[in-house]
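Content type CSV, C-alpha atoms, from the file entry_5.csv:
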```
chain,number,residue,atom,x,y,z
Z,1,MET,CA,88.6,-202.6,-263.4
Z,2,GLU,CA,90.0,-201.7,-260.1
Z,3,ASN,CA,92.3,-204.8,-260.3
Z,4,MET,CA,93.4,-204.0,-263.8
Z,5,ILE,CA,94.4,-200.5,-262.6
Z,6,LYS,CA,96.3,-201.9,-259.6
Z,7,GLN,CA,98.2,-204.2,-261.9
Z,8,LYS,CA,99.1,-201.3,-264.2
Z,9,ILE,CA,100.3,-199.2,-261.3
Z,10,LYS,CA,102.6,-202.0,-260.2
Z,11,GLN,CA,104.1,-202.1,-263.6
Z,12,VAL,CA,104.5,-198.3,-263.7
Z,13,LYS,CA,106.3,-198.5,-260.3
Z,14,LYS,CA,108.7,-201.0,-261.8
Z,15,GLY,CA,109.4,-198.4,-264.5
Z,16,ASP,CA,107.1,-199.5,-267.3
Z,17,ARG,CA,106.1,-196.3,-269.0
Z,18,SER,CA,103.7,-197.9,-271.5
Z,19,ALA,CA,101.5,-199.1,-268.6
Z,20,PHE,CA,101.0,-195.5,-267.6
Z,21,GLU,CA,99.5,-194.8,-271.0
Z,22,ASP,CA,96.7,-197.1,-270.2
Z,23,VAL,CA,96.2,-195.5,-266.8
Z,24,VAL,CA,96.0,-192.1,-268.5
Z,25,SER,CA,93.5,-193.1,-271.1
Z,26,PHE,CA,91.3,-194.7,-268.5
Z,27,TYR,CA,91.2,-191.7,-266.2
Z,28,GLN,CA,91.6,-188.8,-268.7
Z,29,ASN,CA,88.0,-187.9,-269.0
Z,30,LYS,CA,87.3,-188.0,-265.2
Z,31,VAL,CA,90.4,-185.9,-264.4
Z,32,TYR,CA,89.8,-183.5,-267.2
Z,33,HIS,CA,86.1,-183.2,-266.1
Z,34,ILE,CA,87.0,-182.2,-262.6
Z,35,CYS,CA,89.5,-179.6,-263.7
Z,36,PHE,CA,87.1,-178.3,-266.3
Z,37,ARG,CA,84.2,-177.9,-264.0
Z,38,MET,CA,86.3,-176.3,-261.3
Z,39,ILE,CA,88.4,-173.9,-263.5
Z,40,GLY,CA,85.8,-173.4,-266.2
Z,41,ASN,CA,88.1,-173.0,-269.1
Z,42,ALA,CA,88.9,-175.8,-271.5
Z,43,TYR,CA,92.4,-174.7,-272.2
Z,44,GLU,CA,93.4,-174.4,-268.6
Z,45,ALA,CA,91.6,-177.6,-267.7
Z,46,GLU,CA,93.7,-179.5,-270.3
Z,47,ASP,CA,96.8,-177.9,-268.9
Z,48,LEU,CA,95.9,-178.8,-265.3
Z,49,ALA,CA,94.8,-182.4,-266.1
Z,50,GLN,CA,98.0,-183.0,-268.0
Z,51,GLU,CA,100.0,-181.6,-265.1
Z,52,ALA,CA,98.1,-183.8,-262.7
Z,53,PHE,CA,99.0,-187.0,-264.7
Z,54,ILE,CA,102.6,-186.0,-264.9
Z,55,ARG,CA,102.8,-185.4,-261.2
Z,56,ALA,CA,101.1,-188.7,-260.5
Z,57,TYR,CA,103.7,-190.4,-262.7
Z,58,THR,CA,106.8,-188.7,-261.1
Z,59,ASN,CA,105.4,-189.3,-257.6
Z,60,ILE,CA,104.1,-192.8,-258.2
Z,61,HIS,CA,106.4,-194.3,-255.7
Z,62,THR,CA,104.7,-192.3,-252.9
Z,63,PHE,CA,101.3,-193.9,-253.8
Z,64,ASP,CA,100.2,-196.4,-251.3
Z,65,GLU,CA,98.8,-199.4,-253.2
Z,66,ARG,CA,96.4,-200.3,-250.4
Z,67,ARG,CA,94.4,-197.2,-251.2
Z,68,LYS,CA,92.3,-196.2,-254.1
Z,69,PHE,CA,94.2,-194.9,-257.1
Z,70,SER,CA,91.4,-192.7,-258.3
Z,71,THR,CA,91.2,-190.9,-254.9
Z,72,TRP,CA,94.9,-190.2,-255.0
Z,73,LEU,CA,94.8,-189.0,-258.6
Z,74,TYR,CA,91.7,-186.8,-258.0
Z,75,ARG,CA,93.5,-185.3,-255.0
Z,76,ILE,CA,96.4,-184.3,-257.1
Z,77,ALA,CA,94.1,-182.8,-259.8
Z,78,THR,CA,91.9,-180.9,-257.3
Z,79,ASN,CA,94.9,-179.5,-255.4
Z,80,LEU,CA,96.5,-178.3,-258.6
Z,81,THR,CA,93.2,-176.7,-259.7
Z,82,ILE,CA,92.5,-175.1,-256.3
Z,83,ASP,CA,96.1,-173.7,-256.4
Z,84,ARG,CA,95.5,-172.3,-259.8
Z,85,ILE,CA,92.2,-170.6,-258.8
Z,86,ARG,CA,94.0,-169.0,-255.8
Z,87,LYS,CA,96.8,-167.7,-257.9
Z,88,ARG,CA,94.4,-166.0,-260.3
Z,89,LYS,CA,94.0,-162.3,-260.2
Z,90,PRO,CA,90.8,-161.5,-258.3
Z,91,ASP,CA,89.5,-159.4,-261.2
Z,92,TYR,CA,89.2,-162.6,-263.2
Z,93,TYR,CA,86.0,-163.5,-261.3
Z,94,LEU,CA,82.9,-162.7,-263.2
Z,95,ASP,CA,81.1,-162.2,-259.9
Z,96,ALA,CA,83.3,-159.3,-258.9
Z,97,GLU,CA,81.6,-156.0,-258.8
Z,98,VAL,CA,82.8,-153.5,-261.4
Z,99,LYS,CA,84.5,-150.5,-259.7
Z,100,GLY,CA,82.5,-147.3,-259.6
Z,101,THR,CA,79.2,-149.0,-260.3
Z,102,GLU,CA,76.5,-150.3,-258.0
Z,103,GLY,CA,75.5,-153.9,-258.2
Z,104,LEU,CA,77.0,-154.4,-261.6
Z,105,ASP,CA,79.2,-157.4,-261.8
Z,106,MET,CA,81.5,-158.7,-264.6
Z,107,TYR,CA,78.6,-160.6,-266.2
Z,108,SER,CA,77.2,-157.3,-267.3
Z,109,GLN,CA,80.5,-156.5,-269.1
Z,110,LEU,CA,80.3,-159.6,-271.3
Z,111,ALA,CA,79.7,-159.3,-275.0
Z,112,ALA,CA,76.1,-158.4,-275.8
Z,113,ASP,CA,75.5,-161.3,-278.2
Z,114,GLN,CA,75.2,-163.6,-275.1
Z,115,ALA,CA,71.6,-164.1,-274.3
Z,116,LEU,CA,70.0,-163.5,-271.0
Z,117,PRO,CA,69.9,-166.5,-268.7
Z,118,GLU,CA,66.2,-167.3,-269.5
Z,119,GLU,CA,66.7,-167.0,-273.2
Z,120,GLU,CA,69.7,-169.1,-273.0
Z,121,VAL,CA,67.7,-171.9,-271.5
Z,122,GLU,CA,65.2,-171.5,-274.2
Z,123,SER,CA,67.9,-171.8,-276.8
Z,124,LEU,CA,68.9,-175.1,-275.3
Z,125,GLU,CA,72.2,-173.9,-274.0
Z,126,LEU,CA,71.1,-175.1,-270.7
Z,127,GLN,CA,74.3,-177.1,-270.1
Z,128,SER,CA,76.7,-174.3,-270.6
Z,129,TYR,CA,74.4,-172.1,-268.5
Z,130,ILE,CA,74.6,-174.5,-265.6
Z,131,HIS,CA,78.3,-174.9,-266.1
Z,132,LYS,CA,78.6,-171.1,-265.6
Z,133,GLU,CA,76.4,-171.3,-262.5
Z,134,ILE,CA,78.6,-173.9,-261.0
Z,135,LEU,CA,81.6,-171.8,-261.7
Z,136,ALA,CA,80.0,-168.9,-260.0
Z,137,LEU,CA,79.9,-170.8,-256.8
Z,138,PRO,CA,82.7,-169.9,-254.3
Z,139,PRO,CA,85.6,-172.4,-255.0
Z,140,LYS,CA,85.1,-174.0,-251.6
Z,141,TYR,CA,81.6,-175.1,-252.5
Z,142,ARG,CA,82.3,-175.6,-256.2
Z,143,GLY,CA,84.9,-178.4,-255.4
Z,144,VAL,CA,82.5,-180.5,-253.3
Z,145,ILE,CA,79.5,-180.0,-255.6
Z,146,VAL,CA,81.6,-181.1,-258.7
Z,147,LEU,CA,82.9,-184.1,-256.9
Z,148,ARG,CA,79.6,-185.0,-255.4
Z,149,TYR,CA,77.2,-184.5,-258.3
Z,150,LEU,CA,79.4,-184.6,-261.4
Z,151,ASP,CA,81.8,-187.3,-260.4
Z,152,GLU,CA,79.4,-188.9,-258.0
Z,153,LEU,CA,81.9,-189.5,-255.3
Z,154,SER,CA,80.7,-190.4,-251.8
Z,155,LEU,CA,81.0,-187.9,-248.9
Z,156,GLN,CA,83.8,-190.1,-247.5
Z,157,GLU,CA,85.7,-190.2,-250.8
Z,158,ILE,CA,85.4,-186.4,-251.1
Z,159,SER,CA,86.8,-186.0,-247.6
Z,160,GLU,CA,89.8,-188.1,-248.7
Z,161,VAL,CA,90.3,-186.3,-252.0
Z,162,LEU,CA,90.2,-182.9,-250.4
Z,163,ASP,CA,91.8,-184.0,-247.1
Z,164,ILE,CA,89.1,-182.3,-245.0
Z,165,PRO,CA,86.9,-184.0,-242.4
Z,166,VAL,CA,83.6,-185.6,-243.5
Z,167,GLY,CA,81.7,-183.1,-241.4
Z,168,THR,CA,83.2,-180.2,-243.3
Z,169,VAL,CA,82.4,-181.9,-246.6
Z,170,LYS,CA,78.7,-182.1,-245.5
Z,171,THR,CA,78.6,-178.5,-244.5
Z,172,ARG,CA,80.1,-177.4,-247.8
Z,173,VAL,CA,77.7,-179.7,-249.8
Z,174,HIS,CA,74.7,-178.2,-247.9
Z,175,ARG,CA,75.8,-174.7,-248.5
Z,176,GLY,CA,76.7,-175.4,-252.1
Z,177,ARG,CA,73.3,-176.9,-252.7
Z,178,GLU,CA,71.6,-173.9,-251.1
Z,179,ALA,CA,73.7,-171.6,-253.3
Z,180,LEU,CA,72.8,-173.5,-256.4
Z,181,ARG,CA,69.2,-173.6,-255.5
Z,182,LYS,CA,69.2,-169.8,-255.4
Z,183,ARG,CA,71.0,-169.5,-258.6
Z,184,LEU,CA,69.0,-172.1,-260.5
Z,185,ARG,CA,65.5,-171.5,-259.1
Z,186,HIS,CA,64.4,-169.4,-262.1
Z,187,VAL,CA,65.6,-171.9,-264.7
O,1,MET,CA,59.2,-177.6,-236.5
O,2,THR,CA,60.6,-174.3,-237.7
O,3,CYS,CA,60.8,-174.2,-241.5
O,4,ASN,CA,64.1,-172.4,-241.8
O,5,ASN,CA,66.3,-174.6,-239.7
O,6,GLU,CA,65.1,-178.0,-238.8
O,7,ALA,CA,63.2,-178.8,-242.0
O,8,VAL,CA,66.0,-177.6,-244.2
O,9,THR,CA,68.6,-179.6,-242.2
O,10,LEU,CA,66.5,-182.7,-242.6
O,11,MET,CA,66.2,-182.0,-246.3
O,12,HIS,CA,70.0,-181.9,-246.7
O,13,LYS,CA,70.3,-185.1,-244.6
O,14,TYR,CA,67.8,-186.7,-246.9
O,15,LEU,CA,69.9,-185.6,-249.9
O,16,ASP,CA,73.0,-187.1,-248.3
O,17,GLY,CA,71.1,-190.3,-247.8
O,18,GLU,CA,71.5,-190.1,-244.0
O,19,LEU,CA,67.9,-189.7,-242.9
O,20,LYS,CA,66.7,-192.0,-240.2
O,21,LYS,CA,63.2,-193.6,-240.5
O,22,GLU,CA,61.8,-191.4,-237.8
O,23,GLU,CA,63.2,-188.2,-239.3
O,24,GLU,CA,62.0,-189.2,-242.7
O,25,ARG,CA,58.4,-189.4,-241.3
O,26,LYS,CA,58.8,-186.1,-239.6
O,27,LEU,CA,60.0,-184.4,-242.8
O,28,ARG,CA,57.2,-186.0,-244.9
O,29,ASP,CA,54.6,-184.8,-242.4
O,30,HIS,CA,56.0,-181.3,-242.4
O,31,LEU,CA,56.3,-181.1,-246.2
O,32,GLN,CA,52.6,-182.1,-246.6
O,33,ASN,CA,51.6,-179.2,-244.4
O,34,CYS,CA,54.1,-176.5,-245.5
O,35,PRO,CA,54.0,-175.3,-249.1
O,36,ALA,CA,57.1,-173.1,-248.6
O,37,CYS,CA,59.2,-176.0,-247.5
O,38,GLN,CA,57.8,-178.1,-250.3
O,39,HIS,CA,58.9,-175.5,-252.7
O,40,HIS,CA,62.3,-175.3,-251.1
O,41,PHE,CA,62.7,-179.0,-251.3
O,42,HIS,CA,61.6,-179.2,-254.9
O,43,GLU,CA,64.1,-176.5,-255.8
O,44,LEU,CA,66.9,-178.3,-254.1
O,45,LYS,CA,66.2,-181.5,-255.9
O,46,ARG,CA,65.8,-179.8,-259.2
O,47,SER,CA,69.0,-177.9,-259.0
O,48,ILE,CA,70.8,-181.2,-258.3
O,49,THR,CA,69.2,-182.8,-261.3
O,50,LEU,CA,70.2,-179.8,-263.4
O,51,VAL,CA,73.8,-179.9,-262.2
O,52,GLN,CA,74.0,-183.6,-262.9
O,53,ASN,CA,72.7,-182.9,-266.4
O,54,ALA,CA,75.5,-180.5,-267.1
O,55,GLY,CA,76.8,-183.6,-268.8
O,56,PRO,CA,80.1,-185.3,-268.9
O,57,VAL,CA,83.0,-183.6,-270.6
O,58,GLN,CA,85.4,-185.4,-272.8
O,59,ALA,CA,89.1,-184.8,-272.6
O,60,PRO,CA,90.5,-183.4,-275.8
O,61,ALA,CA,91.7,-185.8,-278.5
O,62,ASN,CA,95.4,-186.7,-278.2
O,63,PHE,CA,95.2,-186.0,-274.5
O,64,THR,CA,96.9,-189.3,-273.6
O,65,SER,CA,99.6,-189.0,-276.2
O,66,ASN,CA,100.3,-185.4,-275.0
O,67,VAL,CA,100.7,-186.6,-271.5
O,68,MET,CA,103.0,-189.4,-272.6
O,69,ASP,CA,105.1,-186.9,-274.6
O,70,ASN,CA,105.5,-184.6,-271.6
O,71,LEU,CA,106.5,-187.2,-269.1
O,72,PRO,CA,109.9,-186.6,-267.8
O,73,LYS,CA,112.6,-188.9,-269.1
O,74,GLU,CA,113.7,-191.3,-266.5
O,75,LYS,CA,117.1,-190.4,-265.1
O,76,LYS,CA,119.7,-192.7,-263.6
O,77,ARG,CA,119.3,-190.9,-260.4
O,78,LYS,CA,115.7,-191.9,-260.3
O,79,ASN,CA,116.7,-195.5,-260.5
O,80,TYR,CA,118.9,-195.2,-257.4
O,81,LYS,CA,116.1,-193.4,-255.6
O,82,ARG,CA,113.7,-196.2,-256.5
O,83,TRP,CA,116.2,-198.8,-255.3
O,84,PHE,CA,116.5,-197.0,-252.0
O,85,HIS,CA,112.7,-197.0,-251.7
O,86,GLN,CA,112.5,-200.6,-252.4
O,87,HIS,CA,115.3,-201.7,-250.1
O,88,PRO,CA,114.9,-199.6,-246.9
O,89,PHE,CA,116.8,-202.2,-244.8
O,90,LEU,CA,119.8,-202.3,-247.0
O,91,THR,CA,119.8,-198.6,-247.3
O,92,SER,CA,119.7,-198.0,-243.6
O,93,ALA,CA,122.4,-200.7,-243.0
O,94,ALA,CA,124.6,-199.0,-245.6
O,95,VAL,CA,124.1,-195.6,-244.1
O,96,PHE,CA,124.9,-197.0,-240.6
O,97,PHE,CA,128.1,-198.6,-241.7
O,98,ILE,CA,129.3,-195.6,-243.6
O,99,LEU,CA,128.7,-193.4,-240.5
O,100,MET,CA,130.3,-195.9,-238.2
O,101,PHE,CA,133.4,-196.5,-240.3
O,102,SER,CA,133.9,-192.8,-241.1
O,103,GLY,CA,133.7,-192.0,-237.4
O,104,ILE,CA,136.3,-194.6,-236.4
O,105,PHE,CA,138.6,-193.7,-239.3
O,106,SER,CA,138.5,-190.0,-238.4
O,107,ALA,CA,139.1,-190.9,-234.8
O,108,TRP,CA,142.1,-193.0,-235.9
O,109,ASN,CA,143.6,-190.3,-238.1
O,110,GLN,CA,142.9,-187.4,-235.9
O,111,ASP,CA,145.0,-187.9,-232.8
O,112,GLN,CA,148.6,-188.4,-233.8
O,113,GLN,CA,149.7,-186.8,-230.5
O,114,VAL,CA,150.9,-188.8,-227.7
O,115,THR,CA,148.3,-189.1,-225.0
O,116,VAL,CA,148.4,-191.0,-221.8
O,117,SER,CA,145.5,-191.7,-219.6
O,118,LYS,CA,147.3,-190.9,-216.4
O,119,GLN,CA,149.8,-188.1,-216.3
O,120,GLU,CA,151.0,-188.1,-212.7
O,121,ASN,CA,154.7,-188.7,-212.3
O,122,LEU,CA,155.0,-190.0,-215.8
O,123,VAL,CA,157.7,-188.7,-218.2
O,124,ILE,CA,157.1,-188.2,-221.9
O,125,GLN,CA,160.2,-188.1,-224.1
O,126,ASP,CA,160.1,-188.2,-227.9
O,127,ASN,CA,156.9,-190.2,-228.2
O,128,THR,CA,157.9,-192.5,-225.4
O,129,VAL,CA,156.0,-192.5,-222.1
O,130,ILE,CA,158.3,-193.5,-219.3
O,131,VAL,CA,157.1,-194.8,-216.0
O,132,PRO,CA,160.2,-193.8,-213.9
O,133,GLU,CA,161.7,-196.1,-211.4
O,134,GLY,CA,160.1,-196.0,-208.0
O,135,VAL,CA,156.8,-194.8,-209.4
O,136,THR,CA,153.7,-197.0,-209.1
O,137,VAL,CA,150.7,-196.3,-211.3
O,138,ASN,CA,147.5,-197.4,-209.6
O,139,GLY,CA,144.9,-198.5,-212.1
O,140,ASP,CA,144.8,-199.0,-215.8
O,141,LEU,CA,147.0,-197.1,-218.2
O,142,VAL,CA,146.3,-196.2,-221.9
O,143,VAL,CA,149.0,-194.9,-224.2
O,144,ARG,CA,148.1,-193.6,-227.6
O,145,ASN,CA,150.5,-192.9,-230.5
O,146,GLY,CA,153.5,-193.5,-228.4
O,147,ASP,CA,155.8,-196.2,-226.9
O,148,LEU,CA,155.8,-197.2,-223.3
O,149,LYS,CA,158.8,-197.8,-221.2
O,150,ILE,CA,158.3,-199.2,-217.7
O,151,GLU,CA,160.9,-198.7,-215.1
O,152,GLY,CA,158.6,-198.5,-212.2
O,153,LYS,CA,155.4,-200.4,-211.5
O,154,ILE,CA,152.0,-200.5,-213.0
O,155,ASP,CA,149.2,-201.9,-210.9
O,156,GLY,CA,146.6,-202.6,-213.6
O,157,ASP,CA,146.0,-203.2,-217.3
O,158,ILE,CA,148.0,-201.6,-220.1
O,159,THR,CA,146.6,-200.6,-223.4
O,160,LEU,CA,149.0,-199.5,-226.1
O,161,ILE,CA,147.4,-197.9,-229.2
O,162,ASN,CA,149.7,-197.4,-232.2
O,163,GLY,CA,152.8,-197.9,-230.1
O,164,ASP,CA,155.1,-200.5,-228.7
O,165,MET,CA,156.5,-201.6,-225.4
O,166,VAL,CA,160.1,-200.5,-225.0
O,167,HIS,CA,162.5,-202.5,-222.9
O,168,GLU,CA,166.1,-201.4,-222.7
O,169,ASP,CA,167.3,-203.5,-219.9
O,170,ASP,CA,165.7,-206.7,-220.5
O,171,PRO,CA,165.8,-208.0,-224.1
O,172,ASN,CA,162.8,-210.3,-223.6
O,173,PRO,CA,160.8,-208.9,-220.8
O,174,LEU,CA,157.3,-209.9,-221.9
O,175,GLU,CA,157.9,-213.5,-221.0
O,176,GLY,CA,160.3,-212.7,-218.2
O,177,GLU,CA,159.3,-212.8,-214.5
O,178,LYS,CA,160.6,-209.3,-214.0
O,179,TYR,CA,158.0,-207.9,-216.3
O,180,GLN,CA,155.2,-209.8,-214.6
O,181,ALA,CA,156.2,-208.2,-211.4
O,182,TYR,CA,155.8,-204.7,-212.8
O,183,VAL,CA,152.4,-205.1,-214.5
O,184,SER,CA,149.7,-206.8,-212.6
O,185,GLY,CA,147.1,-206.7,-215.3
O,186,GLU,CA,146.7,-207.5,-219.0
O,187,VAL,CA,148.8,-205.8,-221.8
O,188,ASN,CA,146.9,-204.9,-224.9
O,189,GLU,CA,148.6,-203.6,-228.0
O,190,VAL,CA,146.6,-202.0,-230.7
O,191,ASN,CA,148.4,-201.3,-233.9
O,192,GLN,CA,146.2,-202.0,-236.8
O,193,ILE,CA,143.1,-200.1,-237.7
O,194,PHE,CA,141.0,-203.3,-237.4
O,195,GLU,CA,142.3,-203.9,-234.0
O,196,TRP,CA,141.5,-200.3,-233.2
O,197,MET,CA,138.0,-200.9,-234.3
O,198,TRP,CA,137.8,-204.1,-232.3
O,199,TYR,CA,139.1,-202.2,-229.3
O,200,HIS,CA,136.4,-199.6,-229.7
O,201,THR,CA,133.6,-202.1,-230.1
O,202,LYS,CA,134.9,-204.1,-227.1
O,203,ASN,CA,135.1,-201.0,-225.0
O,204,LEU,CA,131.6,-200.0,-225.9
O,205,PHE,CA,130.2,-203.4,-225.0
O,206,GLN,CA,132.2,-203.5,-221.8
O,207,GLY,CA,130.9,-200.0,-221.0
O,208,VAL,CA,127.4,-201.1,-221.6
O,209,PHE,CA,127.5,-204.4,-219.8
O,210,SER,CA,129.6,-203.5,-216.8
O,211,PHE,CA,127.5,-200.5,-216.1
O,212,GLY,CA,125.7,-202.3,-213.3
O,213,ASP,CA,128.8,-204.0,-211.7
O,214,ASP,CA,130.9,-200.9,-211.2
O,215,GLU,CA,130.1,-200.8,-207.6
```

Mind turning the file's structure into structure tokens?
Amino acid sequence: MENMIKQKIKQVKKGDRSAFEDVVSFYQNKVYHICFRMIGNAYEAEDLAQEAFIRAYTNIHTFDERRKFSTWLYRIATNLTIDRIRKRKPDYYLDAEVKGTEGLDMYSQLAADQALPEEEVESLELQSYIHKEILALPPKYRGVIVLRYLDELSLQEISEVLDIPVGTVKTRVHRGREALRKRLRHV
Amino acid sequence: MTCNNEAVTLMHKYLDGELKKEEERKLRDHLQNCPACQHHFHELKRSITLVQNAGPVQAPANFTSNVMDNLPKEKKRKNYKRWFHQHPFLTSAAVFFILMFSGIFSAWNQDQQVTVSKQENLVIQDNTVIVPEGVTVNGDLVVRNGDLKIEGKIDGDITLINGDMVHEDDPNPLEGEKYQAYVSGEVNEVNQIFEWMWYHTKNLFQGVFSFGDDE
């Protein structure tokens, strides 16, 4: 598979647009997945994933063929997503405390037809519940947890994708796991 | 072993798959005796399983065709850019030549004024540099954009750039003995731009290679 992609990338570099179509269809789910888990919103995830592929295409000549294409592509996608998260207004976070209240966060402001966490689990909406819990992690930890456990990248690969030292990746994975443990212990 | 630090660190190392044999035994021993840590460890492993079960997400249908529709059209300029990327040597050679030639051309065009390398006792009249009778120039003489008329003596080489030798008295002095008496060195005349370039290059190389022999 790796070789097939390498071949396609060479063709794209020579100006073959249709070869890029195969690259997109091969990686679309993975890239969309990373964006979706990190940004939490299907519409924005699609927008970001699309942007990531377009950037990869326009900058394909900067890609070093000796390296892994997926790492390079994920890096573009995560950078775009992290950028988008940073640019968001802070009041977008569900975790933010509502002004003038004590200990009430934005979750409490959500429509009442949403069940409580425990009931949600019972109603087999476990997946979407976990998705929310992942999103509730600080972006720093969210990124590594998504790459580590949802895309099953090695610590080394994560360090390359995020361009941070392996030691930092480890620390973030540890803290992310502890944060998740606290959030998911009652499930 | 303190539960809060050491054991938890070992647990994370285990989860990263980086636990050594000895550490693994240590952790196992501790977990058997410490219900709190056992619980902690269990929770960690469980939350990972839960996260992994969040399940894969499929990209929306038409995603690929949407991307393809939104790709920028390739421009002509892009092709040039790619060519430059693929041929770095040719590109750098071209840039080098452009810079070199433009430098020499501008140097050629810039100074249309008469300039002489040695001004002492020399007379400049209507673009003609005259070495008056009885004057001896010691060393090399360079005249730019002007003619040179020698009535006196020059003890060295002459370089004429964009100019001629003027000889009023002697109709054919270059081959004559008289002329040889006046100029002890070589006479260079540079009139064409290619000669000018050649002169520049030669000067540069001479400058580089004679650096050591000056003394």

Counting all atoms listed in the file, chain Z residues within 7 Å of chain O, as an MDAnalysis selection string: chainID Z and resid 21 24:25 28:29 32:33 50 54 127 130:131 149:150 174 177 180:181 184:185

Could you write out that same residue set with C-alpha atoms as a PDB file, in the coordinates of the input?
```
ATOM      1  CA  GLU Z  21      99.500-194.800-271.000  1.00  0.00           C
ATOM      2  CA  VAL Z  24      96.000-192.100-268.500  1.00  0.00           C
ATOM      3  CA  SER Z  25      93.500-193.100-271.100  1.00  0.00           C
ATOM      4  CA  GLN Z  28      91.600-188.800-268.700  1.00  0.00           C
ATOM      5  CA  ASN Z  29      88.000-187.900-269.000  1.00  0.00           C
ATOM      6  CA  TYR Z  32      89.800-183.500-267.200  1.00  0.00           C
ATOM      7  CA  HIS Z  33      86.100-183.200-266.100  1.00  0.00           C
ATOM      8  CA  GLN Z  50      98.000-183.000-268.000  1.00  0.00           C
ATOM      9  CA  ILE Z  54     102.600-186.000-264.900  1.00  0.00           C
ATOM     10  CA  GLN Z 127      74.300-177.100-270.100  1.00  0.00           C
ATOM     11  CA  ILE Z 130      74.600-174.500-265.600  1.00  0.00           C
ATOM     12  CA  HIS Z 131      78.300-174.900-266.100  1.00  0.00           C
ATOM     13  CA  TYR Z 149      77.200-184.500-258.300  1.00  0.00           C
ATOM     14  CA  LEU Z 150      79.400-184.600-261.400  1.00  0.00           C
ATOM     15  CA  HIS Z 174      74.700-178.200-247.900  1.00  0.00           C
ATOM     16  CA  ARG Z 177      73.300-176.900-252.700  1.00  0.00           C
ATOM     17  CA  LEU Z 180      72.800-173.500-256.400  1.00  0.00           C
ATOM     18  CA  ARG Z 181      69.200-173.600-255.500  1.00  0.00           C
ATOM     19  CA  LEU Z 184      69.000-172.100-260.500  1.00  0.00           C
ATOM     20  CA  ARG Z 185      65.500-171.500-259.100  1.00  0.00           C
TER      21      ARG Z 185
END
```

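Remark: for Lys13 in chain Z, the closest of the candidate residues Z:Arg175, Z:Arg88, Z:His61, Z:Arg55 is Z:His61 (distances computed over all atoms listed in the file).
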
Range 129-142 of chain O surroundings by all atoms listed in the file, 9 Å radius, close-in-sequence under 2 positions cut, as a VMD selection string: chain O and resid 114 to 118 120 to 127 144 146 to 161 182 185

Got time to write the residues from that selection, C-alpha atoms, as a tab-separated table (two decimals), in the frame of the given file?
```
chain	number	residue	atom	x	y	z
O	114	VAL	CA	150.90	-188.80	-227.70
O	115	THR	CA	148.30	-189.10	-225.00
O	116	VAL	CA	148.40	-191.00	-221.80
O	117	SER	CA	145.50	-191.70	-219.60
O	118	LYS	CA	147.30	-190.90	-216.40
O	120	GLU	CA	151.00	-188.10	-212.70
O	121	ASN	CA	154.70	-188.70	-212.30
O	122	LEU	CA	155.00	-190.00	-215.80
O	123	VAL	CA	157.70	-188.70	-218.20
O	124	ILE	CA	157.10	-188.20	-221.90
O	125	GLN	CA	160.20	-188.10	-224.10
O	126	ASP	CA	160.10	-188.20	-227.90
O	127	ASN	CA	156.90	-190.20	-228.20
O	144	ARG	CA	148.10	-193.60	-227.60
O	146	GLY	CA	153.50	-193.50	-228.40
O	147	ASP	CA	155.80	-196.20	-226.90
O	148	LEU	CA	155.80	-197.20	-223.30
O	149	LYS	CA	158.80	-197.80	-221.20
O	150	ILE	CA	158.30	-199.20	-217.70
O	151	GLU	CA	160.90	-198.70	-215.10
O	152	GLY	CA	158.60	-198.50	-212.20
O	153	LYS	CA	155.40	-200.40	-211.50
O	154	ILE	CA	152.00	-200.50	-213.00
O	155	ASP	CA	149.20	-201.90	-210.90
O	156	GLY	CA	146.60	-202.60	-213.60
O	157	ASP	CA	146.00	-203.20	-217.30
O	158	ILE	CA	148.00	-201.60	-220.10
O	159	THR	CA	146.60	-200.60	-223.40
O	160	LEU	CA	149.00	-199.50	-226.10
O	161	ILE	CA	147.40	-197.90	-229.20
O	182	TYR	CA	155.80	-204.70	-212.80
O	185	GLY	CA	147.10	-206.70	-215.30
```

Point-to-point distance in Å for CA of Val161 in chain Z and CA of Ile134 in chain Z: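 A separation of 19.3 Å between them.
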
Coordinates-based distance that separates CA of Lys10 in chain Z from CA of Phe63 in chain Z (Å, one decimal):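 Computing the Euclidean distance for CA of Phe63 in chain Z and CA of Lys10 in chain Z yields 10.4 Å.
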
Nearest to Ser128 in chain Z, chosen from Z:Ser18, Z:Gln11, Z:Asn41, Z:Asn3, with all atoms listed in the file counted in the distances: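 Closest to Ser128 in chain Z of all the choices is Z:Asn41.
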
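Atom pair CA of Cys37 in chain O / CA of Asn5 in chain O: separated by 10.6 Å.
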
Using only C-alpha atoms: which of Z:Arg37, Z:Lys68, Z:Lys170, Z:Lys8 has the shortest distance to Ala136 in chain Z: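 Checking each candidate against Ala136 in chain Z, we get Z:Arg37 as the closest.
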
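For the residues Z:Val166, Z:Ile145, Z:Leu80, Z:Glu152, ranking by smallest atom-to-atom distance to Cys35 in chain Z using only C-alpha atoms places Z:Leu80 first.
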
Spatial neighbours of Arg142 in chain Z, max dist 10 Å, all atoms listed in the file, sep filter under 3 positions, as a ChimeraX atom specification: /Z:37-39,133-139,145-148,172-173,176-177,179-180
